[in-house]
$ cat run.txt   # compact mmCIF, C-alpha atoms
# COMPACT_ATOMS: atom_id res chain seq x y z
CA MET A 20 93.44 -1.52 27.09
CA ALA A 21 90.52 0.63 28.23
CA LEU A 22 88.03 1.49 25.50
CA THR A 23 84.87 3.55 25.41
CA PRO A 24 81.78 1.93 23.82
CA GLU A 25 82.29 4.15 20.76
CA GLN A 26 85.88 3.04 20.13
CA ARG A 27 86.83 0.11 17.92
CA ILE A 28 90.07 -1.87 17.61
CA THR A 29 91.26 -2.43 14.06
CA LEU A 30 92.04 -6.13 13.78
CA HIS A 31 94.32 -8.10 11.52
CA GLY A 32 91.83 -10.32 9.69
CA PHE A 33 88.82 -11.27 11.83
CA ASN A 34 88.15 -11.67 15.55
CA ASN A 35 89.28 -15.13 16.72
CA LEU A 36 88.13 -14.81 20.33
CA THR A 37 85.62 -17.38 21.59
CA LYS A 38 83.16 -16.20 24.25
CA SER A 39 81.19 -18.88 26.09
CA LEU A 40 78.33 -18.33 28.55
CA SER A 41 76.79 -21.22 30.50
CA PHE A 42 73.50 -20.46 32.25
CA ASN A 43 72.12 -23.10 34.62
CA MET A 44 68.80 -22.61 36.42
CA TYR A 45 66.97 -24.62 39.09
CA ASP A 46 63.30 -24.66 40.06
CA ILE A 47 62.42 -26.37 43.34
CA CYS A 48 58.97 -27.70 44.25
CA TYR A 49 57.49 -29.67 47.16
CA THR A 50 55.33 -32.57 45.95
CA ARG A 51 53.78 -34.67 48.73
CA THR A 52 52.56 -37.67 46.75
CA ARG A 53 53.53 -39.74 43.73
CA GLU A 54 50.58 -38.22 41.86
CA GLU A 55 51.79 -34.68 42.62
CA ARG A 56 55.32 -35.54 41.45
CA LYS A 57 53.94 -36.96 38.21
CA ALA A 58 51.75 -33.89 37.69
CA TYR A 59 54.69 -31.55 38.36
CA LEU A 60 56.89 -33.31 35.79
CA GLU A 61 54.06 -33.20 33.24
CA TYR A 62 53.65 -29.47 33.92
CA ILE A 63 57.38 -28.83 33.46
CA ASP A 64 57.50 -30.88 30.27
CA GLU A 65 54.63 -28.84 28.87
CA GLN A 66 56.04 -25.48 29.97
CA TYR A 67 59.53 -26.15 28.66
CA ASN A 68 59.01 -28.44 25.70
CA ALA A 69 61.31 -28.37 22.68
CA GLU A 70 59.02 -26.03 20.77
CA ARG A 71 59.03 -23.33 23.46
CA LEU A 72 62.75 -23.77 24.09
CA THR A 73 63.36 -23.24 20.38
CA LYS A 74 61.52 -19.92 20.56
CA ILE A 75 63.65 -18.87 23.55
CA LEU A 76 66.87 -19.72 21.73
CA ASN A 77 65.72 -17.97 18.57
CA THR A 78 65.21 -14.82 20.65
CA VAL A 79 68.67 -15.26 22.21
CA SER A 80 70.10 -15.46 18.69
CA ASP A 81 68.27 -12.26 17.71
CA ILE A 82 69.51 -10.43 20.80
CA ILE A 83 73.17 -11.24 20.25
CA GLY A 84 72.90 -10.40 16.54
CA ALA A 85 73.39 -13.90 15.09
CA HIS A 86 71.77 -15.72 12.17
CA VAL A 87 70.40 -19.24 12.77
CA LEU A 88 71.74 -21.77 10.26
CA ASN A 89 70.29 -24.99 11.58
CA ILE A 90 68.07 -26.24 14.42
CA ALA A 91 67.81 -29.71 15.96
CA LYS A 92 65.24 -30.28 18.71
CA GLN A 93 63.90 -33.25 20.65
CA ASP A 94 61.44 -34.05 23.44
CA TYR A 95 62.39 -37.12 25.49
CA GLU A 96 60.55 -39.89 27.32
CA PRO A 97 59.85 -40.00 30.18
CA GLN A 98 60.81 -36.31 30.48
CA GLY A 99 63.19 -33.61 29.31
CA SER A 100 63.97 -31.75 26.08
CA SER A 101 66.96 -30.57 24.08
CA VAL A 102 67.53 -28.03 21.32
CA THR A 103 70.70 -27.21 19.39
CA MET A 104 71.25 -24.31 17.01
CA LEU A 105 74.10 -23.51 14.67
CA VAL A 106 74.45 -19.78 14.10
CA SER A 107 76.54 -17.34 12.13
CA GLU A 108 77.66 -13.89 13.17
CA GLY A 109 75.21 -11.24 11.99
CA PRO A 110 75.74 -7.53 11.48
CA VAL A 111 76.07 -5.82 14.84
CA ASP A 112 73.66 -3.07 13.83
CA THR A 113 70.87 -5.64 13.45
CA ALA A 114 70.92 -6.52 17.14
CA PRO A 115 68.21 -5.01 19.36
CA THR A 116 69.29 -1.76 21.01
CA GLU A 117 67.08 -1.94 24.12
CA SER A 118 69.16 -2.46 27.25
CA PHE A 119 69.68 -1.70 30.90
CA GLU A 120 72.67 0.36 31.95
CA GLU A 121 75.51 -2.18 32.22
CA SER A 122 72.96 -4.89 31.37
CA PRO A 123 72.36 -5.38 27.64
CA GLY A 124 69.36 -7.32 26.49
CA PRO A 125 65.58 -6.91 26.39
CA LEU A 126 63.09 -8.67 28.66
CA PRO A 127 61.18 -11.69 27.32
CA GLU A 128 57.56 -11.28 26.24
CA ALA A 129 67.09 -27.30 25.70
CA VAL A 130 67.65 -26.34 22.16
CA VAL A 131 70.98 -25.85 20.35
CA ALA A 132 71.50 -23.24 17.70
CA HIS A 133 74.69 -23.20 15.65
CA LEU A 134 76.33 -19.95 14.69
CA ASP A 135 79.23 -19.75 12.25
CA LYS A 136 81.80 -21.46 14.48
CA SER A 137 79.24 -20.85 17.22
CA HIS A 138 76.28 -22.57 18.80
CA ILE A 139 73.44 -22.21 21.28
CA THR A 140 72.15 -25.21 23.20
CA VAL A 141 69.61 -25.97 25.91
CA HIS A 142 68.88 -29.19 27.79
CA THR A 143 66.29 -29.75 30.54
CA TYR A 144 66.50 -32.17 33.48
CA PRO A 145 63.26 -32.68 35.49
CA GLU A 146 63.71 -35.06 38.44
CA TYR A 147 62.47 -35.85 41.94
CA HIS A 148 63.78 -37.34 45.16
CA PRO A 149 62.91 -41.08 45.32
CA ASP A 150 61.83 -41.00 48.98
CA GLU A 151 61.03 -37.41 49.94
CA GLY A 152 58.72 -34.71 48.58
CA ILE A 153 61.25 -32.63 46.66
CA SER A 154 61.04 -32.25 42.88
CA THR A 155 63.63 -30.30 40.92
CA PHE A 156 63.75 -28.90 37.40
CA ARG A 157 67.09 -27.88 35.90
CA ALA A 158 67.73 -26.24 32.54
CA ASP A 159 71.20 -25.68 31.08
CA ILE A 160 71.77 -23.13 28.32
CA ASP A 161 75.14 -22.71 26.63
CA VAL A 162 75.87 -19.85 24.24
CA SER A 163 79.25 -19.97 22.52
CA THR A 164 80.17 -17.29 19.99
CA CYS A 165 83.15 -16.20 17.93
CA GLY A 166 83.81 -12.67 16.76
CA GLU A 167 82.29 -9.46 18.05
CA ILE A 168 78.88 -10.82 19.09
CA SER A 169 78.62 -11.36 22.85
CA PRO A 170 76.44 -13.92 24.67
CA LEU A 171 76.27 -11.55 27.65
CA LYS A 172 73.73 -9.46 25.74
CA ALA A 173 71.16 -12.23 26.20
CA LEU A 174 71.77 -12.76 29.92
CA ASN A 175 68.94 -10.55 31.14
CA TYR A 176 66.49 -12.22 28.76
CA MET A 177 67.50 -15.73 29.89
CA ILE A 178 67.05 -14.84 33.56
CA HIS A 179 63.51 -13.62 32.85
CA SER A 180 62.64 -16.58 30.60
CA PHE A 181 62.70 -19.07 33.47
CA ASP A 182 60.95 -18.97 36.83
CA THR A 183 64.10 -19.76 38.77
CA ASP A 184 65.01 -20.10 42.43
CA ILE A 185 68.72 -20.64 41.87
CA PHE A 186 70.90 -19.99 38.86
CA THR A 187 74.60 -20.19 38.14
CA MET A 188 76.53 -18.57 35.31
CA ASP A 189 79.95 -19.25 33.88
CA TYR A 190 81.57 -16.93 31.34
CA ARG A 191 84.92 -17.53 29.68
CA VAL A 192 86.86 -15.83 26.89
CA ARG A 193 89.31 -18.12 25.09
CA GLY A 194 91.87 -17.83 22.34
CA PHE A 195 93.24 -14.56 21.03
CA THR A 196 93.05 -12.23 18.08
CA ARG A 197 95.49 -9.58 16.83
CA ASP A 198 95.40 -5.91 16.06
CA ILE A 199 96.92 -4.65 12.80
CA ASN A 200 100.32 -4.31 14.49
CA GLY A 201 100.34 -7.99 15.48
CA HIS A 202 99.67 -7.31 19.17
CA LYS A 203 97.69 -10.17 20.75
CA LEU A 204 94.32 -9.40 22.33
CA PHE A 205 93.06 -12.03 24.79
CA ILE A 206 89.84 -10.16 25.54
CA ASP A 207 88.11 -7.36 23.64
CA HIS A 208 85.86 -5.91 26.37
CA GLU A 209 86.13 -4.86 30.00
CA ILE A 210 84.53 -7.11 32.61
CA SER A 211 85.16 -7.55 36.33
CA SER A 212 82.13 -9.73 37.09
CA ILE A 213 79.12 -11.24 35.35
CA GLN A 214 77.13 -9.07 37.74
CA ASN A 215 78.11 -6.08 35.57
CA TYR A 216 75.58 -7.43 33.07
CA ILE A 217 72.72 -8.08 35.51
CA PRO A 218 70.15 -5.32 36.21
CA GLN A 219 70.03 -3.95 39.74
CA SER A 220 66.41 -5.10 40.10
CA ILE A 221 67.60 -8.70 39.71
CA LYS A 222 70.60 -8.25 42.01
CA ASP A 223 68.26 -6.94 44.70
CA LYS A 224 66.24 -10.18 44.57
CA TYR A 225 69.13 -12.64 44.78
CA HIS A 226 72.00 -13.44 47.11
CA MET A 227 75.05 -13.63 44.82
CA ILE A 228 78.54 -15.10 45.12
CA ASP A 229 81.39 -14.54 42.64
CA VAL A 230 84.39 -16.76 41.92
CA ASN A 231 86.55 -15.06 39.27
CA VAL A 232 89.96 -15.92 37.81
CA TYR A 233 90.79 -12.62 36.12
CA GLN A 234 94.15 -13.62 34.66
CA GLU A 235 92.45 -16.50 32.83
CA ASN A 236 89.34 -14.52 31.79
CA ILE A 237 87.10 -16.93 33.73
CA PHE A 238 84.06 -15.56 35.58
CA HIS A 239 81.55 -17.43 37.75
CA THR A 240 78.46 -16.12 39.57
CA LYS A 241 75.80 -18.08 41.45
CA CYS A 242 72.50 -16.66 42.71
CA LYS A 243 69.79 -17.73 45.16
CA LEU A 244 66.51 -15.97 45.93
CA ARG A 245 66.68 -13.87 49.09
CA GLU A 246 63.02 -14.11 50.07
CA PHE A 247 61.22 -17.38 50.76
CA ASP A 248 57.45 -17.76 50.43
CA LEU A 249 56.25 -21.32 51.01
CA ASN A 250 53.25 -20.79 48.72
CA ASN A 251 55.64 -20.50 45.75
CA TYR A 252 56.90 -24.04 46.34
CA LEU A 253 53.67 -25.97 46.85
CA PHE A 254 52.19 -27.65 43.79
CA GLY A 255 48.41 -27.39 43.49
CA TYR A 256 47.60 -25.99 46.95
CA THR A 257 48.58 -23.25 49.42
CA LYS A 258 50.13 -23.31 52.89
CA ASP A 259 46.80 -22.58 54.60
CA LYS A 260 45.95 -26.25 53.87
CA LEU A 261 48.85 -27.31 56.11
CA THR A 262 49.30 -27.36 59.87
CA ALA A 263 51.95 -25.10 61.41
CA GLU A 264 54.10 -28.17 62.05
CA GLU A 265 53.80 -29.29 58.41
CA GLN A 266 54.69 -25.81 57.18
CA GLU A 267 57.82 -25.77 59.35
CA GLU A 268 58.89 -29.25 58.22
CA ILE A 269 58.37 -28.52 54.51
CA THR A 270 60.12 -25.15 54.79
CA GLU A 271 63.14 -26.83 56.37
CA SER A 272 63.27 -29.46 53.60
CA LEU A 273 63.01 -26.89 50.82
CA THR A 274 65.57 -24.45 52.25
CA LEU A 275 68.00 -27.32 52.87
CA GLU A 276 67.60 -28.48 49.27
CA MET A 277 68.19 -24.97 47.95
CA ASP A 278 71.25 -24.45 50.16
CA GLU A 279 72.77 -27.74 49.01
CA ILE A 280 72.30 -26.82 45.36
CA PHE A 281 73.60 -23.27 45.90
CA TYR A 282 76.71 -24.30 47.85
CA GLY A 283 77.28 -27.49 45.84
CA LYS A 284 77.51 -29.90 48.77
CA ASN A 285 75.36 -32.09 51.03
CA ILE A 286 74.35 -30.35 54.25
CA TYR A 287 72.96 -32.30 57.18
CA SER A 288 70.12 -30.65 59.06
CA ALA A 289 70.19 -30.36 62.83
CA THR A 290 67.22 -32.75 63.03
CA LEU A 291 69.01 -35.42 61.01
CA GLU A 292 72.18 -35.03 63.08
CA ASP A 293 70.16 -35.46 66.29
CA GLU A 294 68.52 -38.61 64.93
CA GLU A 295 71.85 -40.08 63.85
CA GLY A 296 73.40 -39.20 67.21
CA ALA A 297 70.55 -40.89 69.07
CA ALA A 298 70.88 -44.00 66.86
CA GLY A 299 74.60 -44.15 67.60
CA GLU A 300 74.00 -44.04 71.35
CA VAL A 301 71.64 -47.00 71.12

$ encode --input "run.txt" --output "structure tokens"
Amino acid sequence: MALTPEQRITLHGFNNLTKSLSFNMYDICYTRTREERKAYLEYIDEQYNAERLTKILNTVSDIIGAHVLNIAKQDYEPQGSSVTMLVSEGPVDTAPTESFEESPGPLPEAVVAHLDKSHITVHTYPEYHPDEGISTFRADIDVSTCGEISPLKALNYMIHSFDTDIFTMDYRVRGFTRDINGHKLFIDHEISSIQNYIPQSIKDKYHMIDVNVYQENIFHTKCKLREFDLNNYLFGYTKDKLTAEEQEEITESLTLEMDEIFYGKNIYSATLEDEEGAAGEV
């Protein structure tokens, strides 16, 4: 059923649809020494502690038009944070009206928030490779709502809240509601891709892949930065401190790491394959 933004469906009772958005982001960094890895993790823990994550989730709640009922937050040792919020559906007219065309949600200036039958959560996962100079920070945000409020409204804000190299998004609409004639509605809005809710300025920056199962109302999009600047991945120094050979080696390690995360599988570099082939010949 095609509807204009001004039209409304009269429901029998209330809206029983559940809309869930999972937003997963990754930040990659090259850390040469144990001291650099420790400093990077300390930096991440400070930047994305439970207090700041709570503020981010509170803004998400405001954007989607929900009222926060309860907040639980925790910083962990040696690293990582979580926040959970319970929320209730708020009046739609209280939600912010600023938006991009096809991309609702204002720009920003792990926590869980619970809504009425709904919640918002965030968890962070800083980690590093035990033998090589790659450190990775991952944050997972889940927004699950019931009723008319939509987590997609906060998507643009979440993208801008994290300095991210790679992010993946999963959106699913579950259950059903009924109109006053008893006709089941398994989705109450038109969507062909999560990309419909991402501003063009963001789409221009990222390489994007969609995997959608339309008949099941399941939508998946993953994104990786198009441009690579080595200076953005060095912690505490710039590439002019490195030899040309070091720059090439670090660039290969970082791009391999990003490709493996983006495609979800281990990828062997040509250098590693050559080394293994030579070892086999011996």

$ axis_aligned_box --input "run.txt" --around "segment 63-73 of chain A" --padding-each-side "3 Å" --output "JSON"
{"center_x": 59.0, "center_y": -27.1, "center_z": 26.9, "size_x": 14.7, "size_y": 13.6, "size_z": 19.1}

$ atom_distance --input "run.txt" --atom1 "atom CA of Asp150 of chain A" --atom2 "atom CA of Gln66 of chain A"
25.2 Å

$ closest_residue --input "run.txt" --among "A:Thr78, A:Asn251, A:Thr196, A:Ser163" --to "Asn175 of chain A" --atoms "all atoms listed in the file"
A:Thr78

$ closest_residue --input "run.txt" --among "A:Asp81, A:Glu271, A:Asp46, A:Glu70" --to "Leu244 of chain A" --atoms "all atoms listed in the file"
A:Asp46

$ atom_distance --input "run.txt" --atom1 "atom CA of Ile139 of chain A" --atom2 "atom CA of Met104 of chain A"
5.2 Å

$ residues_around --input "run.txt" --residues "segment 184-195 of chain A" --least-positions-apart "5" --cutoff "9 Å" --atoms "all atoms listed in the file" --output "PyMOL selection string"
chain A and resi 34-47+170-171+178+203-206+213+225+235-244+277+280-281

$ atom_distance --input "run.txt" --atom1 "atom CA of Ala158 of chain A" --atom2 "atom CA of His142 of chain A"
5.7 Å

$ closest_residue --input "run.txt" --among "A:His138, A:His148, A:His86, A:His179" --to "Arg53 of chain A" --atoms "all atoms listed in the file"
A:His148

$ closest_residue --input "run.txt" --among "A:Arg157, A:Lys284, A:Phe254, A:Asp182" --to "Ala58 of chain A" --atoms "all atoms listed in the file"
A:Phe254

$ closest_residue --input "run.txt" --among "A:Arg197, A:Lys224, A:His208, A:Lys172" --to "Gly84 of chain A" --atoms "all atoms listed in the file"
A:Lys172
